[in-house]
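Novice: Here it is, the structure, as structure tokens.
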Amino acid sequence: MDRAEVIELLIVIKENYPNFDVSDNNIDRHMKYLHDFPFDVAMRNVDEHIRTSKYSPIIAEIRGSLGEQIERDRMKAATDEYFRAREKAQKQACPPPPGWKEDIFAKLRRSS
């Protein structure tokens with residue numbers, strides 16, 4: 001993440017938490033700890049934090065927990081795949097042939 005991205009990130013935080021410090025010293029401090037972190041991941045973490053917390057995020061929350069993040073992304077992909085498969089199955093679905101249900105019930109009655 002470069003300085004401009006850190007500033008952009010802090011502006012988003014400031015817009016949602018008016019008391020957040022966006023001084024040059026705070027920008028430098030965030031730059032020190034976020035220079036090696038991807039901007040898009042940090043922005044996603046900030047967005048999620050804004051949705052779930054009334055307090056401004058600290059650097060550790062901006063970075064997030066990478067392991068949890070990987071698992072969250074994996075579960076989201078698995079869920080998306082599941083719903084795509086359900087949608088495909090729904091498009092290919094057709095009703096059973098006439099009398100099928102009655103035949104099954106008749107067989108079950110005979111076997112008991």
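Going by the structure tokens order, chains are called A, B, ..., each with residues numbered from 1, while ligands are numbered from 1 in the order shown.
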For stretch 40-109 of chain A against stretch 9-33 of chain A, with a cut-off of 7 Å and counting only C-alpha atoms, what is the closest atom pair and its distance in Å to one decimal for every residue that makes the cut, ordered by chain and number, as CSV?
Specialist:
residue,atom,partner,partner_atom,distance
A:Met43,CA,A:Leu9,CA,6.5
A:Ser56,CA,A:Tyr17,CA,5.9
A:Ile59,CA,A:His30,CA,6.9
Novice: Between atom CA of A:Arg51 and atom CA of A:Ala4, what distance in Å does the model show, to one decimal?
Specialist: 23.8 Å
Novice: Which residues, written as a count of residues only, have at least one atom at most 8 Å from A:Leu34, with only C-alpha atoms counted and residues fewer than 6 positions away on the same chain left out?
Specialist: 4
Novice: DSSP on the backbone: what in chain A comes out helix (DSSP H, G or I), as JSON, numbers by chain?
Specialist: {"A": [3, 4, 5, 6, 7, 8, 9, 10, 11, 12, 13, 14, 15, 16, 24, 25, 26, 27, 28, 29, 30, 31, 32, 33, 34, 39, 40, 41, 42, 43, 44, 45, 46, 47, 48, 49, 50, 51, 52, 59, 60, 61, 62, 63, 66, 67, 68, 69, 70, 71, 72, 73, 74, 75, 76, 77, 78, 79, 80, 81, 82, 83, 84, 85, 86, 87, 88, 89, 90, 91, 92, 100, 101, 102, 103, 104, 105, 106, 107, 108, 109, 110, 111]}
Novice: Would you put the residues from that selection into a file with C-alpha atoms, as a PDB file, in the first residue's frame?
Specialist:
ATOM      1  CA  ARG A   3       0.860   6.688   0.992  1.00  0.00           C
ATOM      2  CA  ALA A   4      -2.025   7.804  -1.240  1.00  0.00           C
ATOM      3  CA  GLU A   5      -3.866   4.548  -0.540  1.00  0.00           C
ATOM      4  CA  VAL A   6      -3.279   4.921   3.212  1.00  0.00           C
ATOM      5  CA  ILE A   7      -4.710   8.444   3.012  1.00  0.00           C
ATOM      6  CA  GLU A   8      -7.713   7.188   1.038  1.00  0.00           C
ATOM      7  CA  LEU A   9      -8.286   4.477   3.645  1.00  0.00           C
ATOM      8  CA  LEU A  10      -8.068   6.985   6.511  1.00  0.00           C
ATOM      9  CA  ILE A  11     -10.498   9.333   4.728  1.00  0.00           C
ATOM     10  CA  VAL A  12     -13.068   6.509   4.587  1.00  0.00           C
ATOM     11  CA  ILE A  13     -12.531   5.908   8.302  1.00  0.00           C
ATOM     12  CA  LYS A  14     -12.821   9.654   9.057  1.00  0.00           C
ATOM     13  CA  GLU A  15     -16.099   9.875   7.085  1.00  0.00           C
ATOM     14  CA  ASN A  16     -17.596   7.204   9.323  1.00  0.00           C
ATOM     15  CA  ASP A  24       0.330  13.634   9.221  1.00  0.00           C
ATOM     16  CA  ASN A  25       1.693  11.782  12.264  1.00  0.00           C
ATOM     17  CA  ASN A  26      -1.194   9.313  12.185  1.00  0.00           C
ATOM     18  CA  ILE A  27      -0.837   8.864   8.417  1.00  0.00           C
ATOM     19  CA  ASP A  28       2.879   8.127   8.928  1.00  0.00           C
ATOM     20  CA  ARG A  29       2.078   5.657  11.726  1.00  0.00           C
ATOM     21  CA  HIS A  30      -0.452   3.815   9.556  1.00  0.00           C
ATOM     22  CA  MET A  31       1.963   3.860   6.620  1.00  0.00           C
ATOM     23  CA  LYS A  32       4.621   2.198   8.795  1.00  0.00           C
ATOM     24  CA  TYR A  33       2.343  -0.752   9.553  1.00  0.00           C
ATOM     25  CA  LEU A  34       0.347  -0.972   6.326  1.00  0.00           C
ATOM     26  CA  PHE A  39      -5.062  -1.909  -0.238  1.00  0.00           C
ATOM     27  CA  ASP A  40      -8.138  -3.840  -1.439  1.00  0.00           C
ATOM     28  CA  VAL A  41      -7.957  -6.227   1.537  1.00  0.00           C
ATOM     29  CA  ALA A  42      -7.521  -3.329   3.965  1.00  0.00           C
ATOM     30  CA  MET A  43     -10.502  -1.517   2.439  1.00  0.00           C
ATOM     31  CA  ARG A  44     -12.613  -4.664   2.707  1.00  0.00           C
ATOM     32  CA  ASN A  45     -11.626  -5.008   6.373  1.00  0.00           C
ATOM     33  CA  VAL A  46     -12.461  -1.354   7.047  1.00  0.00           C
ATOM     34  CA  ASP A  47     -15.840  -1.714   5.309  1.00  0.00           C
ATOM     35  CA  GLU A  48     -16.653  -4.766   7.420  1.00  0.00           C
ATOM     36  CA  HIS A  49     -15.484  -2.981  10.576  1.00  0.00           C
ATOM     37  CA  ILE A  50     -17.701   0.017   9.786  1.00  0.00           C
ATOM     38  CA  ARG A  51     -20.684  -2.320   9.437  1.00  0.00           C
ATOM     39  CA  THR A  52     -20.053  -4.000  12.788  1.00  0.00           C
ATOM     40  CA  ILE A  59      -4.263  -1.004  12.675  1.00  0.00           C
ATOM     41  CA  ALA A  60      -4.641  -4.651  13.693  1.00  0.00           C
ATOM     42  CA  GLU A  61      -8.320  -4.525  12.685  1.00  0.00           C
ATOM     43  CA  ILE A  62      -7.452  -2.877   9.368  1.00  0.00           C
ATOM     44  CA  ARG A  63      -4.995  -5.695   8.659  1.00  0.00           C
ATOM     45  CA  LEU A  66      -5.391 -13.366   7.404  1.00  0.00           C
ATOM     46  CA  GLY A  67      -6.318 -16.938   8.359  1.00  0.00           C
ATOM     47  CA  GLU A  68      -9.891 -15.946   9.138  1.00  0.00           C
ATOM     48  CA  GLN A  69     -10.007 -13.923   5.962  1.00  0.00           C
ATOM     49  CA  ILE A  70      -8.863 -16.872   3.844  1.00  0.00           C
ATOM     50  CA  GLU A  71     -11.481 -19.094   5.489  1.00  0.00           C
ATOM     51  CA  ARG A  72     -14.171 -16.442   4.986  1.00  0.00           C
ATOM     52  CA  ASP A  73     -13.267 -16.165   1.300  1.00  0.00           C
ATOM     53  CA  ARG A  74     -13.250 -19.968   0.934  1.00  0.00           C
ATOM     54  CA  MET A  75     -16.665 -20.275   2.556  1.00  0.00           C
ATOM     55  CA  LYS A  76     -18.049 -17.475   0.387  1.00  0.00           C
ATOM     56  CA  ALA A  77     -16.769 -19.224  -2.749  1.00  0.00           C
ATOM     57  CA  ALA A  78     -18.241 -22.551  -1.596  1.00  0.00           C
ATOM     58  CA  THR A  79     -21.587 -20.894  -0.890  1.00  0.00           C
ATOM     59  CA  ASP A  80     -21.597 -19.183  -4.285  1.00  0.00           C
ATOM     60  CA  GLU A  81     -20.826 -22.521  -5.975  1.00  0.00           C
ATOM     61  CA  TYR A  82     -23.606 -24.242  -4.035  1.00  0.00           C
ATOM     62  CA  PHE A  83     -26.169 -21.649  -5.141  1.00  0.00           C
ATOM     63  CA  ARG A  84     -24.949 -21.837  -8.753  1.00  0.00           C
ATOM     64  CA  ALA A  85     -25.435 -25.630  -8.642  1.00  0.00           C
ATOM     65  CA  ARG A  86     -28.921 -25.205  -7.117  1.00  0.00           C
ATOM     66  CA  GLU A  87     -29.827 -22.695  -9.823  1.00  0.00           C
ATOM     67  CA  LYS A  88     -28.603 -25.054 -12.557  1.00  0.00           C
ATOM     68  CA  ALA A  89     -30.518 -27.978 -11.031  1.00  0.00           C
ATOM     69  CA  GLN A  90     -33.652 -25.867 -10.821  1.00  0.00           C
ATOM     70  CA  LYS A  91     -33.404 -24.981 -14.520  1.00  0.00           C
ATOM     71  CA  GLN A  92     -33.003 -28.666 -15.434  1.00  0.00           C
ATOM     72  CA  TRP A 100     -44.764 -42.317 -10.175  1.00  0.00           C
ATOM     73  CA  LYS A 101     -45.675 -41.206  -6.663  1.00  0.00           C
ATOM     74  CA  GLU A 102     -48.623 -43.626  -6.476  1.00  0.00           C
ATOM     75  CA  ASP A 103     -46.426 -46.524  -7.673  1.00  0.00           C
ATOM     76  CA  ILE A 104     -43.865 -45.800  -4.942  1.00  0.00           C
ATOM     77  CA  PHE A 105     -46.564 -45.715  -2.265  1.00  0.00           C
ATOM     78  CA  ALA A 106     -48.071 -48.961  -3.568  1.00  0.00           C
ATOM     79  CA  LYS A 107     -44.666 -50.678  -3.404  1.00  0.00           C
ATOM     80  CA  LEU A 108     -44.115 -49.410   0.120  1.00  0.00           C
ATOM     81  CA  ARG A 109     -47.519 -50.696   1.242  1.00  0.00           C
ATOM     82  CA  ARG A 110     -46.832 -54.143  -0.251  1.00  0.00           C
ATOM     83  CA  SER A 111     -43.439 -54.456   1.427  1.00  0.00           C
TER      84      SER A 111
END
